[in-house]
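Presented below is the structure to which this report refers.
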Amino acid sequence: MPQDVDLPLLSQLAPTAERLYERHLATCKPWYPHEAVPYSLGRTFAPDYTWDPEDFVLPDAVRSALFVNLLTEDNLPYYFETINRMYGREDIWRTWSHRWTAEENRHAIAIRDYLTVTRAIDPKALEDARMAQMSGGEVPQPDSAIDGFVYVALQELATRIAHRNTGKLLLQGAGDHPGAQSGYDVMARVAADENFHYLFYRDITTEAIKVDPSAVVCAIERQVKDFEMPGSGIIGFAKHAAAIANVGIYNLMLHHEQILVPVVLRHWALEKIEGLNAEAEQARIRIIRQIERLGTLARRLSERARTTAERAAERGEAQFVLA
């Protein structure tokens with residue numbers, strides 16, 4: 001159940017949540033994994049099968065992204081548990097969380113079936129990692145309903161960006177493999193769903209600012225300061241995250257330029273929020289400074305990565321990097 005302190009806020013936001021849910025149903029059209037996955041490429045796995053990366057030649061960073069993206073989707077039961085704790089099982093909040101869960105489960109079905117039939121990733125290693133990930137059940141645990149709204153808005157947008165860029169780089173790096181276009185299409189479908197989820201949480205946060213601006217600004221500070229993607233419990237996550245960042249699928253520059261600036265500073269209009277108490281005013285100052293520092297660091301890392309790529313190109317080493 002939500003904390004008692006959250007119940008009045010959730011009650012006030014319920015009409016907005018109902019409106020956003022109806023908007024979601026009107027705009028998020030159904031799609032079917034069985035129509036997106038190229039099953040004609042599949043064949044039976046022998047009991048002694050040993051995976052060969054030559055079955056589907058892909059840049060290692062794309063394999064890392066597919067691996068992390070799928071295992072993140074697999075951890076769905078624990079995200080649902082967390083959302084249930086923050087928002088409860090009453091009225092629109094129950095309706096929304098169940099719908100969200102059904103759509104997220106579809107993502108795992110589609111991505112796993114695609115990886116299985118194309119043999120893009122070692123299926124045994126993937127299953128071992130799934131068992132480890134779900135046995136641990138590590139997911140972010142926002143402290144309150146408001147923290148949850150803010151975190152999930154940022155996280156859903158980040159996930160959309162990562163899925164979309166994974167699909168683009170898969171298409172670029174797979175050459176003439178018959179599964180290349182369908183891989184792009186699967187990731188684009190999943191990314192579109194994540195965008196609709198982002199819009200729900202972005203706009204419920206916008207409404208929460210009207211209800212309790214000080215609490216939301218303090219929550220924004222906590223989530224900007226401590227933000228991390230939900231895959232941190234995955235085996236080898238740091239190595240995979242570095243590979244994903246290096247090719248531009250998801251990195252600090254994207255986090256700054258496509259999430260913090262457009263959402264926190266522009267859409268939520270952090271600098272224009274009125275009616276803040278003293279604590280929230282100080283939090284606002286710290287958020288702006290933090291975003292500025294992250295921008296400076298992101299530009300520095302981006303320049304370093306560009307230099308590394310140029311030197312690799314001079315040595316004749318193949319590079320698959322998103323522009």
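For the structure tokens, the naming scheme is as follows: chains receive sequential letters (A, B, ...) according to their order of presentation, residues are indexed from 1 within each chain, and ligands are indexed from 1 in presentation order.
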
If we count only C-alpha atoms, what is near range 89-101 of chain A at a cut-off of 8 Å, once residues fewer than 5 positions away on the same chain are taken out, given as a ChimeraX atom specification?
/A:1,14,17-18,21,76,80,83-84,197

Could you build a table of the residues in range 119-149 of chain A lying no more than 9 Å from range 56-60 of chain A, giving for each the nearest pair of atoms and their separation in Å rounded to one decimal place, using only C-alpha atoms, ordered by chain and ascending residue number, as a tab-separated table?
residue	atom	partner	partner_atom	distance
A:Arg119	CA	A:Phe56	CA	6.5
A:Ala120	CA	A:Phe56	CA	5.3
A:Ile121	CA	A:Phe56	CA	8.4

Next, the residues of the selection above should be written as a compact mmCIF listing (two decimals), in the first residue's frame with C-alpha atoms.
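Produced file selection.txt, reproduced below:
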# COMPACT_ATOMS: atom_id res chain seq x y z
CA ARG A 119 20.55 -16.62 -32.65
CA ALA A 120 21.84 -13.09 -32.16
CA ILE A 121 22.84 -13.90 -28.56

Report, in Å with one decimal, the straight-line distance from CA of Thr159 in chain A to CA of Arg289 in chain A.
24.8 Å

All residues 12 Å or closer to Leu115 in chain A, only C-alpha atoms, same chain fewer than 4 positions away omitted, as an MDAnalysis selection string
chainID A and resid 37:39 41:42 55:56 62:63 66:67 69:70 108:111 119:124 126:127 179:180 182:183 186:187
